[in-house]
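Content type compact mmCIF, C-alpha atoms, from the file entry_15.txt:
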```txt
# COMPACT_ATOMS: atom_id res chain seq x y z
CA MET C 265 89.14 3.65 81.35
CA PRO C 266 86.06 1.44 81.95
CA LYS C 267 87.09 -1.82 83.63
CA PHE C 268 85.17 -5.08 84.04
CA LEU C 269 85.68 -8.14 86.22
CA ARG C 270 84.18 -11.49 85.27
CA ILE C 271 82.19 -12.87 88.20
CA GLY C 272 81.50 -16.39 86.91
CA VAL C 273 80.30 -18.66 89.70
CA HIS C 274 81.85 -16.35 92.29
CA GLN C 275 80.28 -13.25 93.70
CA SER C 276 81.90 -9.91 94.52
CA ASN C 277 81.87 -10.64 98.26
CA VAL C 278 84.18 -13.67 97.90
CA SER C 279 87.94 -13.35 98.42
CA GLY C 280 90.91 -15.30 97.11
CA TYR C 281 89.83 -16.42 93.63
CA THR C 282 91.15 -15.95 90.12
CA SER C 283 89.11 -14.44 87.34
CA LYS C 284 89.48 -12.33 84.19
CA ALA C 285 89.34 -8.59 83.68
CA TRP C 286 88.92 -6.31 80.67
CA CYS C 287 89.79 -2.64 80.23
CA VAL C 288 88.40 -0.56 77.36
CA ARG C 289 89.65 2.92 76.48
CA ARG C 290 89.03 5.17 73.48
CA VAL C 291 91.50 7.83 72.34
CA GLY C 292 90.38 9.70 69.24
CA SER C 293 89.84 7.17 66.44
CA ALA C 294 91.58 4.32 68.28
CA VAL C 295 90.32 1.90 70.91
CA PHE C 296 92.75 0.32 73.36
CA LEU C 297 91.90 -3.04 74.93
CA LYS C 298 93.68 -4.67 77.86
CA TRP C 299 92.72 -8.03 79.32
CA GLY C 300 94.09 -10.93 81.32
CA ALA C 301 93.93 -13.12 84.40
CA VAL C 302 93.50 -11.40 87.76
CA GLU C 303 93.46 -12.34 91.43
CA VAL C 304 90.82 -10.95 93.76
CA GLN C 305 91.74 -10.41 97.41
CA GLY C 306 89.43 -9.10 100.09
CA ALA C 307 85.74 -8.31 99.81
CA GLY C 308 83.41 -5.36 99.78
CA ALA C 309 84.99 -1.92 100.02
CA GLY C 310 88.35 -3.48 100.90
CA ARG C 311 88.57 -5.65 97.79
CA LYS C 312 91.77 -5.45 95.73
CA VAL C 313 92.24 -6.78 92.20
CA TYR C 314 95.71 -7.67 90.90
CA TRP C 315 96.95 -8.81 87.49
CA SER C 316 98.21 -12.35 88.10
CA ARG C 317 100.45 -12.01 85.03
CA SER C 318 101.24 -9.30 82.53
CA PRO C 319 97.98 -8.45 80.67
CA GLN C 320 97.58 -8.61 76.90
CA GLU C 321 97.02 -5.36 75.01
CA LYS C 322 95.63 -4.50 71.60
CA MET C 323 94.91 -1.30 69.69
CA ILE C 324 92.01 -1.13 67.22
CA ARG C 325 92.28 1.59 64.58
CA CYS C 326 88.76 2.70 63.63
CA ARG C 327 89.70 5.54 61.23
CA THR C 328 87.12 7.95 62.70
CA ALA C 329 86.26 9.01 66.23
CA GLN C 330 82.61 8.12 65.62
CA ARG C 331 83.46 4.54 64.67
CA ALA C 332 85.82 4.26 67.63
CA GLN C 333 83.06 5.47 69.94
CA GLU C 334 80.67 2.89 68.52
CA TYR C 335 83.26 0.12 68.79
CA ALA C 336 84.01 0.99 72.43
CA LYS C 337 80.29 1.17 73.22
CA ALA C 338 79.72 -2.29 71.70
CA ALA C 339 82.74 -3.72 73.53
CA ILE C 340 81.44 -2.43 76.86
CA ALA C 341 77.97 -3.80 76.12
CA ARG C 342 79.42 -7.25 75.43
CA ARG C 343 81.17 -7.28 78.79
CA ARG C 344 77.98 -6.34 80.60
CA ASN C 345 76.14 -9.17 78.83
CA HIS C 346 78.68 -11.85 79.80
CA ARG C 347 78.54 -11.77 83.60
CA TYR C 348 81.09 -8.98 84.03
CA GLU C 349 80.72 -6.39 86.74
CA PRO C 350 82.10 -2.84 86.39
CA LEU C 351 85.23 -2.10 88.41
CA THR C 352 85.64 1.36 89.88
CA GLY C 353 89.17 0.95 91.25
CA ALA C 354 92.49 0.29 89.58
CA ILE C 355 93.87 -3.14 88.70
CA ALA C 356 97.29 -3.26 90.33
CA ASN C 357 100.39 -5.26 89.49
CA ARG C 358 100.74 -8.29 91.74
CA ARG C 359 102.43 -7.45 95.03
CA ARG C 360 105.73 -9.19 95.64
CA SER C 361 107.69 -9.75 98.81
CA ALA C 362 110.90 -7.79 99.32
CA ALA C 363 112.93 -10.94 98.66
CA ARG C 364 111.24 -11.66 95.34
CA THR C 365 111.32 -8.01 94.27
CA ALA C 366 115.10 -8.07 94.64
CA GLU C 367 115.29 -11.04 92.27
CA LEU C 368 114.98 -9.17 88.99
CA LYS C 369 115.57 -11.71 86.27
CA GLN C 370 117.74 -10.73 83.32
CA ALA C 371 117.69 -12.60 80.03
CA LEU C 372 119.22 -12.41 76.57
CA ALA C 373 116.95 -12.96 73.60
CA THR C 374 116.50 -12.27 69.92
CA ILE C 375 113.57 -9.86 69.59
CA LEU C 376 111.36 -9.80 66.49
CA ILE C 377 108.91 -7.07 65.50
CA VAL C 378 106.61 -7.54 62.52
CA ASP C 379 104.38 -4.81 61.10
CA ILE C 380 101.94 -4.71 58.18
CA VAL C 381 102.90 -2.20 55.48
CA GLY C 382 100.10 0.12 54.34
CA SER C 383 97.54 -1.34 56.74
CA THR C 384 95.43 1.83 56.91
CA ALA C 385 95.00 2.02 53.13
CA LYS C 386 94.30 -1.71 52.94
CA ALA C 387 91.66 -1.46 55.67
CA ALA C 388 89.98 1.48 53.92
CA LYS C 389 89.90 -0.45 50.64
CA LEU C 390 88.49 -3.69 52.09
CA GLY C 391 86.05 -2.21 54.61
CA ASP C 392 85.64 -3.11 58.26
CA ALA C 393 84.08 -6.56 57.87
CA ARG C 394 86.59 -7.92 55.34
CA TRP C 395 89.54 -6.30 57.10
CA THR C 396 88.56 -7.84 60.43
CA LYS C 397 88.45 -11.25 58.74
CA VAL C 398 91.85 -10.70 57.11
CA MET C 399 93.36 -9.66 60.45
CA GLY C 400 91.98 -12.79 62.06
CA HIS C 401 93.79 -14.91 59.46
CA TYR C 402 96.90 -12.74 59.86
CA TYR C 403 97.18 -13.28 63.61
CA ALA C 404 96.46 -17.00 63.18
CA ALA C 405 99.31 -17.25 60.65
CA VAL C 406 101.69 -15.30 62.90
CA ARG C 407 100.96 -17.48 65.92
CA LYS C 408 101.29 -20.66 63.87
CA GLU C 409 104.78 -19.68 62.70
CA LEU C 410 105.79 -18.50 66.17
CA LYS C 411 104.83 -21.88 67.58
CA ALA C 412 106.69 -23.74 64.82
CA CYS C 413 109.87 -21.71 65.50
CA ARG C 414 109.48 -21.80 69.29
CA GLY C 415 108.97 -18.06 69.55
CA LYS C 416 107.20 -16.38 72.44
CA GLU C 417 104.58 -13.73 71.70
CA VAL C 418 105.04 -10.75 74.02
CA VAL C 419 102.44 -8.24 72.85
CA THR C 420 100.35 -7.18 69.86
CA THR C 421 100.01 -3.49 68.97
CA GLY C 422 97.37 -2.86 66.36
CA ASP C 423 98.70 -4.80 63.36
CA GLY C 424 102.15 -5.31 64.89
CA VAL C 425 103.50 -8.27 66.84
CA LEU C 426 106.49 -8.41 69.18
CA ALA C 427 108.02 -11.80 69.98
CA THR C 428 111.23 -13.24 71.44
CA PHE C 429 113.40 -16.22 70.51
CA ARG C 430 116.23 -17.98 72.29
CA LYS C 431 118.30 -18.21 69.11
CA PRO C 432 118.67 -15.64 66.31
CA ALA C 433 118.45 -18.35 63.63
CA ALA C 434 114.98 -19.26 64.87
CA GLY C 435 113.87 -15.63 64.73
CA ILE C 436 115.14 -15.19 61.17
CA ALA C 437 113.55 -18.47 60.07
CA CYS C 438 110.25 -17.31 61.57
CA ALA C 439 110.50 -13.95 59.77
CA ALA C 440 111.00 -15.71 56.42
CA ALA C 441 108.06 -18.03 57.07
CA LEU C 442 105.86 -15.07 58.01
CA GLN C 443 106.73 -13.23 54.80
CA LYS C 444 105.55 -16.24 52.78
CA ALA C 445 102.44 -16.88 54.87
CA VAL C 446 101.00 -13.34 54.78
CA ARG C 447 101.42 -12.95 51.03
CA THR C 448 98.60 -15.46 50.60
CA LEU C 449 96.43 -12.90 52.43
CA GLY C 450 97.46 -10.10 50.08
CA LEU C 451 99.59 -8.44 52.77
CA GLU C 452 103.16 -7.18 52.87
CA ILE C 453 105.09 -6.93 56.12
CA ARG C 454 108.33 -5.42 57.35
CA VAL C 455 110.35 -7.23 60.01
CA GLY C 456 113.12 -6.12 62.34
CA LEU C 457 115.27 -8.23 64.66
CA HIS C 458 117.66 -7.26 67.44
CA ALA C 459 119.45 -9.26 70.11
CA GLY C 460 119.89 -7.86 73.58
CA GLU C 461 119.27 -8.13 77.28
CA TYR C 462 116.00 -7.34 78.96
CA THR C 463 114.75 -7.49 82.52
CA ILE C 464 111.67 -9.31 83.78
CA SER C 465 110.18 -7.18 86.53
CA GLY C 466 106.75 -7.85 87.98
CA GLY C 467 106.02 -10.27 85.14
CA GLU C 468 106.75 -7.61 82.49
CA MET C 469 109.64 -7.45 80.01
CA VAL C 470 111.45 -4.11 80.00
CA GLY C 471 114.65 -2.86 78.42
CA LEU C 472 116.26 -0.70 75.75
CA ALA C 473 116.55 -3.74 73.45
CA PHE C 474 112.82 -3.59 72.67
CA HIS C 475 113.06 0.07 71.62
CA ILE C 476 116.08 -0.64 69.42
CA CYS C 477 114.22 -3.46 67.68
CA THR C 478 111.29 -1.12 67.00
CA ARG C 479 113.64 1.34 65.30
CA VAL C 480 115.27 -1.43 63.24
CA ALA C 481 111.86 -2.60 62.00
CA ALA C 482 110.95 0.98 61.06
CA LYS C 483 113.94 1.07 58.68
CA ALA C 484 112.72 -1.97 56.73
CA ARG C 485 110.71 -1.63 53.54
CA ALA C 486 107.86 -3.85 52.41
CA GLY C 487 109.07 -7.43 52.15
CA GLU C 488 112.37 -6.74 53.94
CA VAL C 489 113.82 -8.37 57.03
CA LEU C 490 116.48 -6.23 58.71
CA VAL C 491 118.66 -7.30 61.62
CA SER C 492 120.99 -5.33 63.87
CA SER C 493 124.74 -5.91 64.16
CA ALA C 494 124.05 -7.61 67.50
CA VAL C 495 122.12 -10.33 65.67
CA LYS C 496 124.86 -10.74 63.06
CA GLU C 497 127.49 -11.21 65.77
CA LEU C 498 125.50 -14.11 67.16
CA MET C 499 125.10 -15.64 63.69
CA THR C 500 128.77 -16.45 63.05
CA ALA C 501 128.14 -20.20 63.15
CA GLN C 502 124.98 -20.01 61.01
CA SER C 503 126.48 -20.11 57.50
CA ALA C 504 123.13 -21.13 55.94
CA ILE C 505 121.73 -17.62 56.52
CA SER C 506 122.98 -14.86 54.23
CA LEU C 507 123.13 -11.29 55.56
CA ARG C 508 123.92 -8.33 53.28
CA ASP C 509 125.32 -5.09 54.68
CA HIS C 510 122.58 -2.43 54.66
CA GLY C 511 124.78 0.41 55.86
CA GLN C 512 124.87 2.52 59.02
CA HIS C 513 121.70 4.17 60.22
CA ARG C 514 120.51 6.63 62.81
CA LEU C 515 117.87 5.03 64.99
CA LYS C 516 115.50 7.62 66.41
CA GLY C 517 116.17 8.25 70.08
CA ILE C 518 119.06 5.73 70.17
CA PRO C 519 122.68 6.97 70.62
CA GLU C 520 125.27 6.54 67.84
CA ARG C 521 124.84 4.96 64.43
CA TRP C 522 123.84 1.33 64.01
CA ARG C 523 124.91 -0.98 61.21
CA LEU C 524 122.02 -3.00 59.84
CA TYR C 525 121.92 -6.10 57.65
CA ARG C 526 119.30 -7.37 55.22
CA VAL C 527 118.39 -11.06 55.21
CA GLU C 528 118.92 -12.51 51.73
CA ARG C 529 116.73 -15.44 50.68
```
Show the structure stored in the file as structure tokens.
Amino acid sequence: MPKFLRIGVHQSNVSGYTSKAWCVRRVGSAVFLKWGAVEVQGAGAGRKVYWSRSPQEKMIRCRTAQRAQEYAKAAIARRRNHRYEPLTGAIANRRRSAARTAELKQALATILIVDIVGSTAKAAKLGDARWTKVMGHYYAAVRKELKACRGKEVVTTGDGVLATFRKPAAGIACAAALQKAVRTLGLEIRVGLHAGEYTISGGEMVGLAFHICTRVAAKARAGEVLVSSAVKELMTAQSAISLRDHGQHRLKGIPERWRLYRVER
């Protein structure tokens, strides 16, 4: 995976500064991008680069390996033209002291996953230029609604977005707002919500709850918002939101059957 470190006003022989790094990787017809703030410690051959926080990631679907190769080549060229230097070593997670490593933080949140339905066919119909423009408007709309509902964006995966909320009502309200917003772009989305615990370790969110939410979203059809029974249990005091029983389902890779509910609007 080619990696690049932005030099800016600093030079590679300076230690103890913060900067930005990019990673570009092509796999078949997809290009994976990773970027974020980094800390540089040491100089010369002994230099180490650490992510100062969990990096952002994005997958670009290019439909063909040739287009993916061209996209990756252009992305690498842009980094070289904007005062980035190639990195030969790995970018490590930030080192933590033994005391801080022991302090793994657990949290409970409502997790939301939104995904565009039929994105590949839509992209093929519109063409690269128009689809890129539509996706720009799509992410702008998603982030606007997340901000309005006090949601926290965790990661984007191609045309999907994963976010967390402190309260399930806020997550459901955001899902409804997103459904309305993306229709103006000619898009249909499916949304899944689940409530559960996760652990923050090394600045990253990990836990089975994220995988369960992914499976819940996969059960939704175009225009549907499905929630797990865990969300419904937390919604007992929220009489303004109507949930209809959607039956019990097998969630791939998850033990037992799960009862899901459809948000009625």
Atom CA of Ala440 of chain C and atom CA of Met499 of chain C, how far apart in Å?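 A separation of 15.9 Å between them.
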Can you measure atom CA of Leu498 of chain C to atom CA of Gly424 of chain C for me? One decimal in Å is fine. 25.1 Å
Any idea what the distance is between atom CA of Ala439 of chain C and atom CA of Val378 of chain C? 8.0 Å
Have a look at C:Arg325, C:Lys408, C:Arg342, C:Lys267 and name the one nearest to Ala385 of chain C; count only C-alpha atoms.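 Smallest separation from Ala385 of chain C among the options: C:Arg325.
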Could you check which of C:Gln305, C:Ser316, C:Thr328, C:Thr384 is closest to Leu451 of chain C, using only C-alpha atoms?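 Nearest to Leu451 of chain C: C:Thr384.
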Between C:Thr352, C:Val527, C:Ala481, C:Gly450, which is the closest to Ala437 of chain C once you count all atoms listed in the file?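 Ranking C:Thr352, C:Val527, C:Ala481, C:Gly450 by distance to Ala437 of chain C, first place goes to C:Val527.
The residue that comes closest to Glu349 of chain C, out of C:Pro519, C:Gly435, C:Pro266, C:Gly471 and on the basis of only C-alpha atoms, is C:Pro266.
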